[in-house]
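Participant: Contents of structure31.txt (compact mmCIF, C-alpha atoms) are below:
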# COMPACT_ATOMS: atom_id res chain seq x y z
CA MET A 205 0.00 0.00 0.00
CA ILE A 206 1.32 3.45 -0.91
CA PRO A 207 1.56 5.69 2.20
CA SER A 208 -1.03 8.48 2.18
CA GLN A 209 1.66 11.16 2.60
CA MET A 210 3.31 10.00 -0.65
CA LEU A 211 -0.04 9.81 -2.40
CA LYS A 212 -1.13 13.27 -1.36
CA GLY A 213 0.69 15.26 -4.01
CA THR A 214 0.27 12.81 -6.85
CA LEU A 215 -3.29 11.56 -6.65
CA GLU A 216 -4.88 14.71 -8.06
CA GLY A 217 -2.59 14.51 -11.11
CA CYS A 218 -3.51 10.86 -11.59
CA ILE A 219 -7.21 11.70 -11.34
CA LEU A 220 -6.76 14.34 -14.04
CA LYS A 221 -5.05 11.73 -16.22
CA VAL A 222 -7.93 9.26 -15.79
CA ILE A 223 -10.50 11.94 -16.60
CA ASP A 224 -8.43 13.06 -19.60
CA ALA A 225 -8.85 9.60 -21.15
CA LYS A 226 -12.66 9.87 -21.18
CA GLU A 227 -15.60 11.52 -19.48
CA THR A 228 -16.09 9.44 -16.35
CA TYR A 229 -17.64 9.27 -12.85
CA GLY A 230 -16.31 8.87 -9.32
CA TYR A 231 -16.63 5.13 -8.88
CA GLU A 232 -15.12 4.41 -12.31
CA ILE A 233 -12.18 6.71 -11.51
CA SER A 234 -11.51 4.87 -8.23
CA GLU A 235 -11.74 1.48 -10.00
CA THR A 236 -9.33 2.64 -12.73
CA LEU A 237 -6.86 3.83 -10.09
CA LYS A 238 -7.16 0.47 -8.30
CA PHE A 239 -6.54 -1.31 -11.61
CA TYR A 240 -3.27 0.58 -11.98
CA GLY A 241 -2.11 -0.35 -8.48
CA PHE A 242 -3.51 2.39 -6.28
CA ASP A 243 -4.87 0.02 -3.65
CA ASP A 244 -7.31 1.20 -1.01
CA ILE A 245 -8.62 4.12 -3.09
CA SER A 246 -12.36 4.27 -2.64
CA GLU A 247 -14.87 6.62 -4.23
CA GLY A 248 -14.96 8.48 -0.91
CA THR A 249 -11.19 9.01 -0.93
CA ILE A 250 -11.27 10.84 -4.24
CA TYR A 251 -14.58 12.68 -3.71
CA PRO A 252 -13.07 15.68 -1.82
CA MET A 253 -10.38 15.90 -4.52
CA LEU A 254 -12.98 15.92 -7.28
CA LEU A 255 -14.79 18.72 -5.42
CA ARG A 256 -11.55 20.69 -5.18
CA LEU A 257 -10.63 20.12 -8.84
CA GLU A 258 -14.11 21.21 -9.88
CA LYS A 259 -14.00 24.27 -7.63
CA ASN A 260 -10.62 25.24 -9.10
CA GLY A 261 -12.01 24.97 -12.62
CA LEU A 262 -9.79 22.05 -13.66
CA ILE A 263 -12.70 19.68 -14.29
CA SER A 264 -16.36 20.23 -15.09
CA ALA A 265 -19.27 18.03 -14.10
CA ARG A 266 -22.64 17.16 -15.59
CA LYS A 267 -25.35 14.79 -14.40
CA LEU A 268 -26.24 11.94 -16.72
CA ASP A 269 -28.63 9.03 -16.37
CA SER A 270 -27.15 5.86 -14.98
CA PRO A 271 -28.16 2.35 -16.11
CA VAL A 272 -28.50 1.50 -12.39
CA GLY A 273 -29.48 3.79 -9.54
CA PRO A 274 -29.75 7.59 -9.57
CA LYS A 275 -28.16 10.06 -12.01
CA ARG A 276 -24.36 10.10 -11.99
CA LYS A 277 -22.01 13.06 -12.00
CA TYR A 278 -19.69 12.71 -15.02
CA PHE A 279 -16.45 14.67 -15.05
CA SER A 280 -14.43 15.99 -17.97
CA LEU A 281 -11.25 18.04 -18.18
CA THR A 282 -11.41 21.77 -18.84
CA ASP A 283 -8.68 23.63 -20.77
CA ASN A 284 -7.17 24.68 -17.44
CA GLY A 285 -7.31 21.04 -16.38
CA LYS A 286 -5.40 19.98 -19.51
CA ASN A 287 -2.71 22.60 -18.77
CA GLU A 288 -2.54 21.44 -15.15
CA LEU A 289 -2.16 17.83 -16.29
CA ASN A 290 0.70 18.77 -18.64
CA ASN A 291 2.39 20.65 -15.78
CA PHE A 292 1.91 17.63 -13.54
CA ILE A 293 3.45 15.29 -16.13
CA ASP A 294 6.49 17.62 -16.55
CA ASN A 295 6.96 17.93 -12.78
CA TRP A 296 6.49 14.20 -12.26
CA ASN A 297 9.06 13.32 -14.96
CA GLU A 298 11.53 15.71 -13.41
CA LEU A 299 10.95 14.30 -9.92
CA SER A 300 11.00 10.63 -10.96
CA ASN A 301 14.17 11.17 -13.02
CA ALA A 302 15.86 12.76 -10.03
CA VAL A 303 14.72 10.02 -7.65
CA ASN A 304 15.60 7.22 -10.08
CA THR A 305 19.04 8.70 -10.79
CA LEU A 306 19.72 9.01 -7.08
CA PHE A 307 18.65 5.45 -6.30
CA GLU A 308 20.50 3.91 -9.27
CA ARG A 309 23.84 5.40 -8.20
CA ASP A 310 25.93 4.50 -5.18
CA VAL A 311 25.82 7.64 -3.10
CA MET B 25 -33.37 28.70 1.89
CA ASN B 26 -33.32 30.15 -1.64
CA LYS B 27 -35.19 28.57 -4.55
CA GLU B 28 -32.20 26.63 -5.91
CA THR B 29 -31.41 25.18 -2.48
CA ARG B 30 -35.06 24.39 -1.83
CA LEU B 31 -35.37 22.44 -5.10
CA LEU B 32 -32.22 20.46 -4.40
CA ASN B 33 -33.40 19.82 -0.84
CA LYS B 34 -36.68 18.46 -2.17
CA GLU B 35 -34.86 16.17 -4.63
CA ASN B 36 -32.55 14.98 -1.85
CA ASN B 37 -35.45 14.18 0.46
CA ILE B 38 -36.85 11.84 -2.20
CA LEU B 39 -33.46 10.24 -2.91
CA ASP B 40 -32.62 9.84 0.81
CA SER B 41 -35.66 7.65 1.36
CA LYS B 42 -34.08 5.01 -0.92
CA ILE B 43 -31.05 4.60 1.36
CA LYS B 44 -31.22 1.31 3.20
CA GLU B 45 -31.72 1.33 6.97
CA GLU B 46 -28.24 -0.13 7.60
CA ASN B 47 -26.65 2.92 5.90
CA GLN B 48 -29.21 5.52 6.99
CA ALA B 49 -27.97 6.17 10.55
CA ILE B 50 -24.38 6.93 9.53
CA PHE B 51 -25.54 8.94 6.53
CA THR B 52 -27.83 11.06 8.75
CA ASP B 53 -25.02 11.62 11.29
CA MET B 54 -22.71 12.74 8.49
CA ILE B 55 -25.25 15.22 7.13
CA CYS B 56 -25.89 16.52 10.67
CA TYR B 57 -22.14 17.02 11.12
CA LEU B 58 -21.90 18.86 7.79
CA ARG B 59 -24.81 21.10 8.84
CA SER B 60 -22.89 22.14 11.96
CA SER B 61 -19.95 23.21 9.80
CA ASN B 62 -19.25 26.44 7.97
CA LEU B 63 -20.75 25.13 4.71
CA SER B 64 -23.53 27.17 3.15
CA ALA B 65 -27.01 25.62 2.93
CA TYR B 66 -26.63 25.20 -0.84
CA ASN B 67 -23.24 23.47 -0.62
CA ILE B 68 -24.61 21.10 2.03
CA GLU B 69 -27.39 20.08 -0.37
CA VAL B 70 -24.85 19.63 -3.21
CA VAL B 71 -22.71 17.34 -1.04
CA ARG B 72 -25.80 15.55 0.27
CA ASN B 73 -26.87 14.89 -3.33
CA ASP B 74 -23.44 13.52 -4.27
CA LEU B 75 -23.23 11.31 -1.17
CA THR B 76 -26.73 9.95 -1.70
CA GLU B 77 -25.86 9.07 -5.30
CA MET B 78 -22.67 7.32 -4.13
CA ILE B 79 -24.47 5.33 -1.43
CA LEU B 80 -27.38 4.33 -3.69
CA SER B 81 -24.94 3.17 -6.38
CA ALA B 82 -22.99 1.23 -3.73
CA GLN B 83 -26.25 -0.41 -2.60
CA GLU B 84 -26.87 -1.48 -6.22
CA ARG B 85 -23.43 -3.15 -6.19
CA GLY B 86 -24.22 -4.91 -2.90
CA GLU B 87 -21.85 -2.68 -0.92
CA ASN B 88 -22.49 -0.47 2.10
CA ILE B 89 -21.58 3.06 3.19
CA ASN B 90 -18.25 1.93 4.71
CA ASP B 91 -17.10 0.63 1.32
CA VAL B 92 -17.65 4.11 -0.09
CA VAL B 93 -16.39 6.50 2.60
CA GLY B 94 -14.23 4.25 4.79
CA ASP B 95 -14.50 3.90 8.58
CA ASP B 96 -13.44 7.39 9.63
CA TYR B 97 -16.61 9.34 8.84
CA LYS B 98 -15.45 12.46 10.67
CA ASP B 99 -12.19 12.62 8.71
CA PHE B 100 -14.12 12.14 5.48
CA CYS B 101 -16.56 14.94 6.35
CA ASN B 102 -13.70 17.24 7.42
CA SER B 103 -11.93 16.69 4.10
CA ILE B 104 -15.15 17.72 2.33
CA ILE B 105 -15.59 20.78 4.56
CA ASP B 106 -11.98 21.83 3.83
CA THR B 107 -12.67 22.02 0.09
CA PHE B 108 -15.29 24.76 0.48
CA PRO B 109 -14.71 28.35 1.54
CA PRO B 110 -15.99 29.11 5.06
CA LYS B 111 -19.08 31.26 5.54
CA THR B 112 -18.40 34.97 5.34
CA VAL B 113 -19.14 37.25 8.31
CA GLY B 114 -22.12 38.58 6.33
CA GLU B 115 -23.51 35.07 5.81
CA LYS B 116 -23.08 34.28 9.52
CA ILE B 117 -24.86 37.49 10.55
CA SER B 118 -27.69 36.81 8.06
CA GLU B 119 -28.09 33.25 9.34
CA PHE B 120 -28.14 34.40 12.97
CA THR B 121 -30.66 37.17 12.20
CA ASP B 122 -32.84 34.70 10.31
CA THR B 123 -32.90 32.17 13.18
CA LEU B 124 -33.45 34.88 15.79
CA SER B 125 -36.28 36.56 13.83
CA PHE B 126 -38.06 33.26 13.20
CA SER B 127 -37.72 32.21 16.85
CA LEU B 128 -38.96 35.59 18.11
CA ALA B 129 -41.93 35.55 15.72
CA ILE B 130 -43.02 32.11 16.92
CA LEU B 131 -42.41 32.70 20.65
CA LEU B 132 -44.12 36.12 20.64
CA PHE B 133 -47.07 34.63 18.75
CA ILE B 134 -47.43 31.76 21.27
CA ASN B 135 -47.07 34.14 24.23
CA MET B 136 -49.65 36.45 22.72
CA LEU B 137 -52.16 33.63 22.17
CA LEU B 138 -51.66 32.33 25.72
CA SER B 139 -51.82 35.76 27.33
CA ARG B 140 -54.95 36.24 29.47
CA ASP B 141 -55.05 39.93 28.51
CA PHE B 142 -55.03 39.09 24.80
CA ILE B 143 -57.79 36.48 25.24
CA ASN B 144 -59.86 39.07 27.17
CA LEU B 145 -59.19 41.59 24.41
CA ILE B 146 -60.46 39.24 21.69
CA ALA B 147 -63.45 38.16 23.80
CA GLY B 148 -64.29 41.84 24.47
CA LEU B 149 -64.03 42.73 20.77
CA ILE B 150 -66.35 39.84 19.84
CA ARG B 151 -68.91 40.94 22.42
CA GLY B 152 -68.58 44.56 21.30
CA LYS B 153 -67.41 45.79 24.73
CA ASN B 154 -64.94 48.54 25.50
CA VAL B 155 -61.53 46.89 25.61
CA THR B 156 -58.01 47.78 26.64
CA TYR B 157 -55.34 47.12 24.03
CA SER B 158 -52.50 47.07 26.54
CA ILE B 159 -50.70 43.80 27.08
CA PRO B 160 -48.34 43.65 30.06
CA VAL B 161 -44.78 42.42 29.48
CA THR B 162 -43.25 40.71 32.51
CA PRO B 163 -39.59 39.87 33.24
CA GLY B 164 -40.77 36.25 33.23
CA ILE B 165 -41.76 36.41 29.56
CA LEU B 166 -38.38 37.87 28.58
CA ILE B 167 -36.50 35.23 30.62
CA GLN B 168 -38.65 32.51 29.05
CA ILE B 169 -37.96 33.71 25.48
CA ILE B 170 -34.21 34.05 26.06
CA ALA B 171 -34.05 30.64 27.81
CA ILE B 172 -35.92 28.81 25.05
CA ILE B 173 -33.86 30.35 22.22
CA THR B 174 -30.57 29.69 24.06
CA PHE B 175 -31.61 26.12 24.93
CA ALA B 176 -32.72 25.29 21.37
CA THR B 177 -29.54 26.75 19.85
CA PHE B 178 -27.33 24.91 22.34
CA LEU B 179 -29.16 21.61 21.78
CA VAL B 180 -28.91 21.82 17.97
CA HIS B 181 -25.22 22.73 18.25
CA VAL B 182 -24.41 19.81 20.61
CA ILE B 183 -26.31 17.24 18.55
CA THR B 184 -25.01 18.28 15.13
CA LYS B 185 -21.41 19.13 16.06
CA ASN B 186 -20.95 15.87 17.95
CA SER B 187 -23.08 13.60 15.77
CA LEU B 188 -19.98 11.63 14.69
CA SER B 189 -18.06 11.58 17.94
CA LEU B 190 -20.23 11.86 21.05
CA SER B 191 -21.39 8.67 22.75
CA GLU B 192 -25.13 8.28 23.27
CA SER B 193 -24.76 8.36 27.08
CA LYS B 194 -22.76 11.62 27.02
CA GLU B 195 -25.27 13.16 24.63
CA LYS B 196 -28.11 12.17 26.98
CA LEU B 197 -26.27 13.66 29.96
CA ILE B 198 -25.75 16.99 28.18
CA ILE B 199 -29.42 17.07 27.14
CA ILE B 200 -30.57 16.29 30.73
CA ILE B 201 -28.38 19.08 32.18
CA ALA B 202 -29.67 21.52 29.54
CA CYS B 203 -33.28 20.46 30.32
CA ILE B 204 -32.74 21.10 34.05
CA ILE B 205 -31.35 24.59 33.35
CA LEU B 206 -34.27 25.30 31.00
CA SER B 207 -36.79 24.09 33.62
CA ILE B 208 -35.26 26.41 36.24
CA ALA B 209 -35.43 29.32 33.80
CA LEU B 210 -39.07 28.54 32.93
CA ALA B 211 -40.05 28.14 36.62
CA LEU B 212 -38.42 31.49 37.29
CA SER B 213 -40.34 33.02 34.41
CA PHE B 214 -43.67 31.95 35.94
CA MET B 215 -42.76 33.56 39.26
CA LEU B 216 -41.76 36.94 37.84
CA ARG B 217 -45.18 38.18 36.80
CA THR B 218 -45.01 41.87 37.73
CA ALA B 219 -45.41 43.91 34.55
CA MET B 220 -42.30 45.85 33.51
CA PHE B 221 -44.18 47.79 30.85
CA ASN B 222 -47.26 47.52 28.65
CA ILE B 223 -47.30 47.04 24.93
CA HIS B 224 -50.17 47.88 22.57
CA ALA B 225 -51.68 44.72 21.05
CA LEU B 226 -51.31 46.12 17.53
CA VAL B 227 -47.63 46.90 18.15
CA LEU B 228 -47.15 43.31 19.33
CA ILE B 229 -48.89 41.96 16.20
CA GLY B 230 -46.78 44.34 14.12
CA LEU B 231 -43.60 43.00 15.73
CA ILE B 232 -44.64 39.41 15.00
CA ILE B 233 -45.32 40.31 11.34
CA LEU B 234 -42.01 42.22 11.12
CA PHE B 235 -39.96 39.30 12.50
CA SER B 236 -41.79 36.87 10.18
CA LEU B 237 -41.06 39.10 7.18
CA ILE B 238 -37.36 39.41 8.13
CA HIS B 239 -37.21 35.58 8.32
CA ILE B 240 -38.99 35.13 4.97
CA ILE B 241 -36.80 37.69 3.17
CA ILE B 242 -33.47 36.42 4.55
CA SER B 243 -34.33 32.76 4.04
CA ARG B 244 -35.26 33.42 0.38
CA VAL B 245 -31.94 35.15 -0.24
CA LEU B 246 -29.62 32.76 1.68
Kindly return the structure encoded in the file as structure tokens.
Facilitator:
Amino acid sequence: MIPSQMLKGTLEGCILKVIDAKETYGYEISETLKFYGFDDISEGTIYPMLLRLEKNGLISARKLDSPVGPKRKYFSLTDNGKNELNNFIDNWNELSNAVNTLFERDV
Amino acid sequence: MNKETRLLNKENNILDSKIKEENQAIFTDMICYLRSSNLSAYNIEVVRNDLTEMILSAQERGENINDVVGDDYKDFCNSIIDTFPPKTVGEKISEFTDTLSFSLAILLFINMLLSRDFINLIAGLIRGKNVTYSIPVTPGILIQIIAIITFATFLVHVITKNSLSLSESKEKLIIIIACIILSIALALSFMLRTAMFNIHALVLIGLIILFSLIHIIISRVL
């Protein structure tokens, strides 16, 4: 399990990436994250982040009918969200390169 | 509650009824806790709508509320509260004025209806007699009104703020202590019956209408 402190800064970027792939809803996002190895990520874990991303204008939401149960909130990336995702990818590459380089060498 | 909030509240009331009993208690406690926070009435309804949708979908999958929000409900609610801006001073003042006006309108109305002088006034008017429009205001009435408003506010605060943390026994103890204090205040109010001043019945009715209007106007805007 990835410690929550390590997850904190990266999860929002990963959520943006999942939403960038297609318009999707909370439960599907959490299942996608689980599929890629983010264990213990429930819909409730990402809900406050989705609220924050929406409030900051990085994603937009619309209610659509669901085949089961009530209407679902579907999220898609805004232009600001796409820029934020690109920034995240650049920052992540820089960070992972630095960490990988450090760990591959004998310090 | 403004129109947008009222509509969402109505929709939520219908959706809530579909939540299974096993999830209902925790869900209600969470909403109570959110209501005690700095979230605006509209944002509470937005969150309530989202949570209801999540829980109903989980029910469809054969899961329960814990599978959705985890075991630490308070932490989950706090993380939601943190995403919204706190109420502004203006919103807090409006909310306080709204509650106070509504409470005063109701309590003055009840006191007026139960007042012997008001009953005599109405009876006299029906019989076509000469009547006095003065209604005495005693220190007891003022103590009673202040005690009831303070007690109700305190009770709502204790129940909502601690809905996710307080044990049932502690909650009962706090309520019993508050009830004893209220009883003393009410007993005192019945003893202090010497009139401090008189108020004209029409002025009293005017005050009740004024407080009701303040409540209606603020609650439509908030």
Participant: Just how far from atom CA of Pro274 of chain A is atom CA of Glu77 of chain B, in Å to one decimal?
Facilitator: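 Result for atom CA of Glu77 of chain B versus atom CA of Pro274 of chain A: 6.0 Å, one decimal.
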Participant: For the atom pair atom CA of Pro163 of chain B and atom CA of Ile199 of chain B, what is the interatomic distance in Å to one decimal place?
Facilitator: 25.7 Å
Participant: Using only C-alpha atoms, find which residues of chain A lie within 9 Å of chain B and jot them down as a PDB file with C-alpha atoms, in the coordinates of the input.
Facilitator:
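File produced: part.pdb:
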ATOM      1  CA  GLY A 230     -16.310   8.870  -9.320  1.00  0.00           C
ATOM      2  CA  TYR A 231     -16.630   5.130  -8.880  1.00  0.00           C
ATOM      3  CA  SER A 246     -12.360   4.270  -2.640  1.00  0.00           C
ATOM      4  CA  GLU A 247     -14.870   6.620  -4.230  1.00  0.00           C
ATOM      5  CA  GLY A 248     -14.960   8.480  -0.910  1.00  0.00           C
ATOM      6  CA  THR A 249     -11.190   9.010  -0.930  1.00  0.00           C
ATOM      7  CA  TYR A 251     -14.580  12.680  -3.710  1.00  0.00           C
ATOM      8  CA  PRO A 252     -13.070  15.680  -1.820  1.00  0.00           C
ATOM      9  CA  MET A 253     -10.380  15.900  -4.520  1.00  0.00           C
ATOM     10  CA  LEU A 255     -14.790  18.720  -5.420  1.00  0.00           C
ATOM     11  CA  ARG A 256     -11.550  20.690  -5.180  1.00  0.00           C
ATOM     12  CA  LYS A 259     -14.000  24.270  -7.630  1.00  0.00           C
ATOM     13  CA  VAL A 272     -28.500   1.500 -12.390  1.00  0.00           C
ATOM     14  CA  GLY A 273     -29.480   3.790  -9.540  1.00  0.00           C
ATOM     15  CA  PRO A 274     -29.750   7.590  -9.570  1.00  0.00           C
ATOM     16  CA  LYS A 275     -28.160  10.060 -12.010  1.00  0.00           C
ATOM     17  CA  ARG A 276     -24.360  10.100 -11.990  1.00  0.00           C
ATOM     18  CA  LYS A 277     -22.010  13.060 -12.000  1.00  0.00           C
TER      19      LYS A 277
END
Participant: Hey, can you check how far atom CA of Thr174 of chain B sits from atom CA of Pro160 of chain B?
Facilitator: 23.4 Å
Participant: With distances taken over all atoms listed in the file, which of A:Asn297, A:Leu289, A:Thr305, A:Ile233 is nearest to Leu254 of chain A?
Facilitator: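 Closest to Leu254 of chain A, using all atoms listed in the file: A:Ile233.
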Participant: Ala129 of chain B: which residues within 8 Å, counting only C-alpha atoms, same-chain residues fewer than 5 positions away excluded, as a PyMOL selection string?
Facilitator: chain B and resi 231-233+235-236
Participant: Within 12 Å of (-40.9, 44.0, 34.4), in the coordinates the file gives, what residues turn up when you count all atoms listed in the file, written out as a VMD selection string?
Facilitator: chain B and resid 160 to 167 213 215 to 223
Participant: Go ahead and save the picked residues with C-alpha atoms, as a CSV table (one decimal), in the frame of the given file.
Facilitator:
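Produced file result-v3.csv, reproduced below:
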chain,number,residue,atom,x,y,z
B,160,PRO,CA,-48.3,43.6,30.1
B,161,VAL,CA,-44.8,42.4,29.5
B,162,THR,CA,-43.2,40.7,32.5
B,163,PRO,CA,-39.6,39.9,33.2
B,164,GLY,CA,-40.8,36.2,33.2
B,165,ILE,CA,-41.8,36.4,29.6
B,166,LEU,CA,-38.4,37.9,28.6
B,167,ILE,CA,-36.5,35.2,30.6
B,213,SER,CA,-40.3,33.0,34.4
B,215,MET,CA,-42.8,33.6,39.3
B,216,LEU,CA,-41.8,36.9,37.8
B,217,ARG,CA,-45.2,38.2,36.8
B,218,THR,CA,-45.0,41.9,37.7
B,219,ALA,CA,-45.4,43.9,34.6
B,220,MET,CA,-42.3,45.8,33.5
B,221,PHE,CA,-44.2,47.8,30.8
B,222,ASN,CA,-47.3,47.5,28.6
B,223,ILE,CA,-47.3,47.0,24.9
Participant: I'd like the neighbourhood of Thr236 of chain A as a list in words, where a residue qualifies if any of its atoms comes within 12 Å (using only C-alpha atoms), though same-chain residues fewer than 3 positions away should be ignored.
Facilitator: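 The filter keeps Cys218, Ile219, Lys221, Val222, Ile223, Ala225, Lys226, Thr228, Tyr229, Gly230, Tyr231, Glu232, Ile233, Phe239, Tyr240, Gly241, Phe242, Asp243, Asp244, Ile245, Ser246, Glu247 and Ile250 of chain A.
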Participant: Fewer than 2 positions away in the same chain doesn't count, so skip those; otherwise give me all residues within 12 Å of Asn287 of chain A, counting all atoms listed in the file, as a ChimeraX atom specification.
Facilitator: /A:217,220-221,224,261-263,281-285,289-294
